[in-house]
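Data block below; observations after.
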Amino acid sequence: ILNVEQSPQSLHVQEGDSTNFTCSFPSSNFYALHWYRWETAKSPEALFVMTLNGDEKKKGRISATLNTKEGYSYLYIKGSQPEDSATYLCAFGSDYGGSQGNLIFGKGTKLSVKP
Amino acid sequence: DTGVSQDPRHKITKRGQNVTFRCDPISEHNRLYWYRQTLGQGPEFLTYFQNEAQLEKSRLLSDRFSAERPKGSFSTLEIQHTEQGDSAMYLCASSSRTGEQYFGPGTRLTVT
């Protein structure tokens, strides 16, 4: 059974704090690792798709790294703002059996940023 | 194109009734996915289509669930004889081949 773990489950920080989350995934049959940001009552928003070991991606104050050999990814938010409050989901894409279709999601990290 | 849309956004139904949800993907995307999210869990894969062909189905998709994508454009997900355990957020996503999956806002189903 393929399992994706995210930690912490929730995080409360003050505006201006920097923070990071962890996503652990199977290191075999790796195809891609996705990060999504999901605000209440909105669609999950794609942040990053990473496919290569050692990948680092950045979008504004948010960045992510990928280690496929050991099966983990980190998401960093620099100088958190209240509008960063959301649930951050990671999802593992496997090519097991030639399938590159479905994603296996973690439970998410719920971030609350206090002004 | 404004993205993936889903209809309805909310549905309340009584146990035993049938419900149908619709998903309109991004127009140039040939892949369409259905996921279900229950409280405290991440989204779980249900099924996906490439054009009109249903290529993969999860064990979560019991016989009461059926999904179609008749012309390779929009898709419907039907749940027959709903049970309280079917209460969840049903998410649809679309992608180009091997591309990023873009999600709709979901349909929240409550079975009373």
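A note on labels: chains of the structure tokens are A, B, ... as shown, every chain counts residues from 1, and ligands are counted from 1 in their shown order.
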Per-residue nearest contacts of chain B to chain A (12 Å; only C-alpha atoms) as JSON lines:
{"residue": "B:Gly3", "atom": "CA", "partner": "A:Ser43", "partner_atom": "CA", "distance": 9.7}
{"residue": "B:Val4", "atom": "CA", "partner": "A:Ser43", "partner_atom": "CA", "distance": 8.8}
{"residue": "B:Ser5", "atom": "CA", "partner": "A:Ser43", "partner_atom": "CA", "distance": 9.4}
{"residue": "B:Gln6", "atom": "CA", "partner": "A:Ser43", "partner_atom": "CA", "distance": 10.2}
{"residue": "B:Arg9", "atom": "CA", "partner": "A:Ala41", "partner_atom": "CA", "distance": 9.5}
{"residue": "B:His10", "atom": "CA", "partner": "A:Ala41", "partner_atom": "CA", "distance": 10.9}
{"residue": "B:Asn30", "atom": "CA", "partner": "A:Gly101", "partner_atom": "CA", "distance": 11.8}
{"residue": "B:Arg31", "atom": "CA", "partner": "A:Gly101", "partner_atom": "CA", "distance": 8.4}
{"residue": "B:Leu32", "atom": "CA", "partner": "A:Gly101", "partner_atom": "CA", "distance": 9.2}
{"residue": "B:Tyr33", "atom": "CA", "partner": "A:Asn102", "partner_atom": "CA", "distance": 7.5}
{"residue": "B:Trp34", "atom": "CA", "partner": "A:Asn102", "partner_atom": "CA", "distance": 9.1}
{"residue": "B:Tyr35", "atom": "CA", "partner": "A:Asn102", "partner_atom": "CA", "distance": 9.0}
{"residue": "B:Arg36", "atom": "CA", "partner": "A:Phe105", "partner_atom": "CA", "distance": 10.9}
{"residue": "B:Gln37", "atom": "CA", "partner": "A:Lys107", "partner_atom": "CA", "distance": 9.6}
{"residue": "B:Thr38", "atom": "CA", "partner": "A:Lys107", "partner_atom": "CA", "distance": 10.1}
{"residue": "B:Leu39", "atom": "CA", "partner": "A:Lys107", "partner_atom": "CA", "distance": 9.7}
{"residue": "B:Gly40", "atom": "CA", "partner": "A:Lys107", "partner_atom": "CA", "distance": 6.7}
{"residue": "B:Gln41", "atom": "CA", "partner": "A:Lys107", "partner_atom": "CA", "distance": 4.8}
{"residue": "B:Gly42", "atom": "CA", "partner": "A:Lys107", "partner_atom": "CA", "distance": 4.0}
{"residue": "B:Pro43", "atom": "CA", "partner": "A:Phe105", "partner_atom": "CA", "distance": 6.0}
{"residue": "B:Glu44", "atom": "CA", "partner": "A:Ile104", "partner_atom": "CA", "distance": 6.8}
{"residue": "B:Phe45", "atom": "CA", "partner": "A:Asn102", "partner_atom": "CA", "distance": 6.1}
{"residue": "B:Leu46", "atom": "CA", "partner": "A:Asn102", "partner_atom": "CA", "distance": 8.4}
{"residue": "B:Thr47", "atom": "CA", "partner": "A:Asn102", "partner_atom": "CA", "distance": 7.7}
{"residue": "B:Tyr48", "atom": "CA", "partner": "A:Gly101", "partner_atom": "CA", "distance": 7.0}
{"residue": "B:Phe49", "atom": "CA", "partner": "A:Gly101", "partner_atom": "CA", "distance": 8.8}
{"residue": "B:Gln50", "atom": "CA", "partner": "A:Gly101", "partner_atom": "CA", "distance": 9.2}
{"residue": "B:Gln54", "atom": "CA", "partner": "A:Gly101", "partner_atom": "CA", "distance": 11.1}
{"residue": "B:Leu55", "atom": "CA", "partner": "A:Gly101", "partner_atom": "CA", "distance": 8.6}
{"residue": "B:Glu56", "atom": "CA", "partner": "A:Gly101", "partner_atom": "CA", "distance": 7.9}
{"residue": "B:Lys57", "atom": "CA", "partner": "A:Asn102", "partner_atom": "CA", "distance": 9.4}
{"residue": "B:Ser58", "atom": "CA", "partner": "A:Asn102", "partner_atom": "CA", "distance": 9.3}
{"residue": "B:Met89", "atom": "CA", "partner": "A:Ala41", "partner_atom": "CA", "distance": 10.9}
{"residue": "B:Tyr90", "atom": "CA", "partner": "A:Ser43", "partner_atom": "CA", "distance": 11.5}
{"residue": "B:Leu91", "atom": "CA", "partner": "A:Ser43", "partner_atom": "CA", "distance": 8.8}
{"residue": "B:Cys92", "atom": "CA", "partner": "A:Ser43", "partner_atom": "CA", "distance": 9.7}
{"residue": "B:Ala93", "atom": "CA", "partner": "A:Pro44", "partner_atom": "CA", "distance": 9.6}
{"residue": "B:Ser94", "atom": "CA", "partner": "A:Gly101", "partner_atom": "CA", "distance": 10.5}
{"residue": "B:Ser95", "atom": "CA", "partner": "A:Gly101", "partner_atom": "CA", "distance": 9.6}
{"residue": "B:Ser96", "atom": "CA", "partner": "A:Gly101", "partner_atom": "CA", "distance": 10.9}
{"residue": "B:Arg97", "atom": "CA", "partner": "A:Gly101", "partner_atom": "CA", "distance": 9.2}
{"residue": "B:Thr98", "atom": "CA", "partner": "A:Gln100", "partner_atom": "CA", "distance": 6.9}
{"residue": "B:Gly99", "atom": "CA", "partner": "A:Val49", "partner_atom": "CA", "distance": 9.0}
{"residue": "B:Glu100", "atom": "CA", "partner": "A:Val49", "partner_atom": "CA", "distance": 6.9}
{"residue": "B:Gln101", "atom": "CA", "partner": "A:Ala46", "partner_atom": "CA", "distance": 7.6}
{"residue": "B:Tyr102", "atom": "CA", "partner": "A:Ala46", "partner_atom": "CA", "distance": 6.8}
{"residue": "B:Phe103", "atom": "CA", "partner": "A:Ser43", "partner_atom": "CA", "distance": 5.8}
{"residue": "B:Gly104", "atom": "CA", "partner": "A:Ser43", "partner_atom": "CA", "distance": 5.2}
{"residue": "B:Pro105", "atom": "CA", "partner": "A:Ser43", "partner_atom": "CA", "distance": 4.0}
{"residue": "B:Gly106", "atom": "CA", "partner": "A:Ser43", "partner_atom": "CA", "distance": 7.1}
{"residue": "B:Thr107", "atom": "CA", "partner": "A:Ala41", "partner_atom": "CA", "distance": 10.3}
{"residue": "B:Arg108", "atom": "CA", "partner": "A:Ala41", "partner_atom": "CA", "distance": 10.1}
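Atom pair atom CA of Glu56 of chain A / atom CA of Tyr76 of chain A: separated by 10.8 Å.
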(request) Would you mind listing what lies within 7 Å of segment 70-83 of chain B as a list in words, with only C-alpha atoms counted and same-chain residues fewer than 2 positions away left out? (result) Arg15, Gly16, Gln17, Asn18, Val19, Thr20, Phe21, Arg22, Cys23, Asp24, Pro25, Asn51, Glu52, Arg64, Phe65, Ser66, Ala67, Glu68, Gly85, Asp86 and Val111 of chain B
Dump C-alpha atoms for the selected residues as an mmCIF file, in the first residue's frame?
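Ended up saving to result-v5.cif:
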data_model
loop_
_atom_site.group_PDB
_atom_site.id
_atom_site.type_symbol
_atom_site.label_atom_id
_atom_site.label_comp_id
_atom_site.auth_asym_id
_atom_site.auth_seq_id
_atom_site.Cartn_x
_atom_site.Cartn_y
_atom_site.Cartn_z
ATOM 1 C CA ARG B 15 -30.145 7.983 2.360
ATOM 2 C CA GLY B 16 -31.204 5.690 -0.456
ATOM 3 C CA GLN B 17 -31.555 8.418 -3.087
ATOM 4 C CA ASN B 18 -29.467 8.618 -6.248
ATOM 5 C CA VAL B 19 -27.279 11.648 -6.969
ATOM 6 C CA THR B 20 -25.335 12.772 -10.022
ATOM 7 C CA PHE B 21 -22.502 15.279 -10.189
ATOM 8 C CA ARG B 22 -21.058 16.957 -13.243
ATOM 9 C CA CYS B 23 -17.523 18.059 -14.033
ATOM 10 C CA ASP B 24 -16.472 20.286 -16.929
ATOM 11 C CA PRO B 25 -12.710 20.086 -17.441
ATOM 12 C CA ASN B 51 -10.723 11.075 -23.574
ATOM 13 C CA GLU B 52 -13.859 8.924 -23.267
ATOM 14 C CA ARG B 64 -23.078 1.895 -6.521
ATOM 15 C CA PHE B 65 -20.721 4.383 -8.166
ATOM 16 C CA SER B 66 -20.519 4.916 -11.898
ATOM 17 C CA ALA B 67 -18.653 7.522 -13.891
ATOM 18 C CA GLU B 68 -18.960 8.422 -17.545
ATOM 19 C CA GLY B 85 -20.671 6.982 4.462
ATOM 20 C CA ASP B 86 -20.835 8.581 1.016
ATOM 21 C CA VAL B 111 -26.343 12.213 3.062
#
(request) Tell me, as a list in words, which residues lie within 8 Å of Ile62 of chain A, counting only C-alpha atoms; anything in the same chain fewer than 4 positions away does not count. (result) Lys58, Leu75, Tyr76, Ile77 and Lys78 of chain A
Output file for the residues above (N, CA, C and O atoms, as a JSON list (two decimals), in the first residue's frame):
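Result file out39.json:
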[["chain", "number", "residue", "atom", "x", "y", "z"],
["A", 58, "LYS", "N", 10.68, 27.45, -6.94],
["A", 58, "LYS", "CA", 10.35, 28.63, -6.15],
["A", 58, "LYS", "C", 9.24, 29.41, -6.84],
["A", 58, "LYS", "O", 9.24, 29.56, -8.07],
["A", 75, "LEU", "N", 8.47, 21.84, 1.87],
["A", 75, "LEU", "CA", 7.89, 23.10, 1.37],
["A", 75, "LEU", "C", 8.23, 24.18, 2.37],
["A", 75, "LEU", "O", 8.01, 24.00, 3.57],
["A", 76, "TYR", "N", 8.77, 25.29, 1.88],
["A", 76, "TYR", "CA", 9.17, 26.39, 2.74],
["A", 76, "TYR", "C", 8.35, 27.63, 2.41],
["A", 76, "TYR", "O", 8.12, 27.93, 1.24],
["A", 77, "ILE", "N", 7.92, 28.34, 3.43],
["A", 77, "ILE", "CA", 7.28, 29.64, 3.23],
["A", 77, "ILE", "C", 8.09, 30.67, 4.03],
["A", 77, "ILE", "O", 8.23, 30.54, 5.25],
["A", 78, "LYS", "N", 8.59, 31.66, 3.32],
["A", 78, "LYS", "CA", 9.42, 32.69, 3.96],
["A", 78, "LYS", "C", 8.53, 33.88, 4.30],
["A", 78, "LYS", "O", 7.76, 34.36, 3.45]]
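Here atom CA of Ser80 of chain A stands at a distance of 11.4 Å from atom CA of Gly60 of chain A.
Once Ser73 of chain A and its same-chain neighbours fewer than 6 positions away are set aside, Thr22, Cys23, Ser24, Ala64, Thr65, Leu66 and Asn67 of chain A remain within 8 Å of it when counting only C-alpha atoms.
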Selection export as a tab-separated table (two decimals), in the first residue's frame, atoms kept: all heavy atoms:
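Saved to part.tsv:
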chain	number	residue	atom	x	y	z
A	22	THR	N	6.88	18.97	5.83
A	22	THR	CA	7.53	17.79	5.27
A	22	THR	C	6.50	16.88	4.62
A	22	THR	O	5.38	16.72	5.12
A	22	THR	CB	8.26	16.99	6.37
A	22	THR	OG1	9.17	17.84	7.03
A	22	THR	CG2	9.00	15.81	5.78
A	23	CYS	N	6.90	16.28	3.52
A	23	CYS	CA	6.09	15.25	2.85
A	23	CYS	C	6.99	14.04	2.63
A	23	CYS	O	8.06	14.17	2.04
A	23	CYS	CB	5.56	15.78	1.52
A	23	CYS	SG	4.73	14.56	0.50
A	24	SER	N	6.55	12.88	3.12
A	24	SER	CA	7.30	11.63	2.90
A	24	SER	C	6.50	10.73	1.98
A	24	SER	O	5.28	10.60	2.15
A	24	SER	CB	7.52	10.90	4.23
A	24	SER	OG	8.21	11.71	5.13
A	64	ALA	N	10.21	24.77	-2.74
A	64	ALA	CA	10.12	23.34	-2.42
A	64	ALA	C	11.36	22.63	-2.91
A	64	ALA	O	11.98	23.04	-3.89
A	64	ALA	CB	8.87	22.73	-3.05
A	65	THR	N	11.72	21.56	-2.18
A	65	THR	CA	12.85	20.72	-2.58
A	65	THR	C	12.38	19.28	-2.67
A	65	THR	O	11.35	18.91	-2.09
A	65	THR	CB	14.00	20.83	-1.56
A	65	THR	OG1	13.53	20.37	-0.28
A	65	THR	CG2	14.50	22.26	-1.42
A	66	LEU	N	13.14	18.47	-3.38
A	66	LEU	CA	12.75	17.08	-3.61
A	66	LEU	C	13.95	16.14	-3.47
A	66	LEU	O	15.00	16.40	-4.07
A	66	LEU	CB	12.15	16.94	-5.01
A	66	LEU	CG	11.72	15.53	-5.43
A	66	LEU	CD1	10.52	15.09	-4.61
A	66	LEU	CD2	11.40	15.50	-6.93
A	67	ASN	N	13.76	15.07	-2.70
A	67	ASN	CA	14.76	14.01	-2.60
A	67	ASN	C	14.04	12.69	-2.89
A	67	ASN	O	13.32	12.17	-2.04
A	67	ASN	CB	15.38	13.99	-1.20
A	67	ASN	CG	16.47	12.95	-1.05
A	67	ASN	OD1	16.38	11.85	-1.62
A	67	ASN	ND2	17.51	13.26	-0.30
(request) Quick one: everything within 8 Å of Ser10 of chain A, counting only C-alpha atoms, minus sequence neighbours fewer than 5 positions away in the same chain. Send it as a VMD selection string. (result) chain A and resid 109 to 112
(message) What parts of segment 17-113 of chain A does DSSP call strand (DSSP E or B)? I'd like the answer as a VMD selection string.
(response) chain A and resid 19 to 24 30 to 38 45 to 50 56 to 59 62 to 67 72 to 77 86 to 94 103 to 105 109 to 113
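Separating atom CA of Phe92 of chain A from atom CA of Arg37 of chain A is a distance of 14.9 Å.
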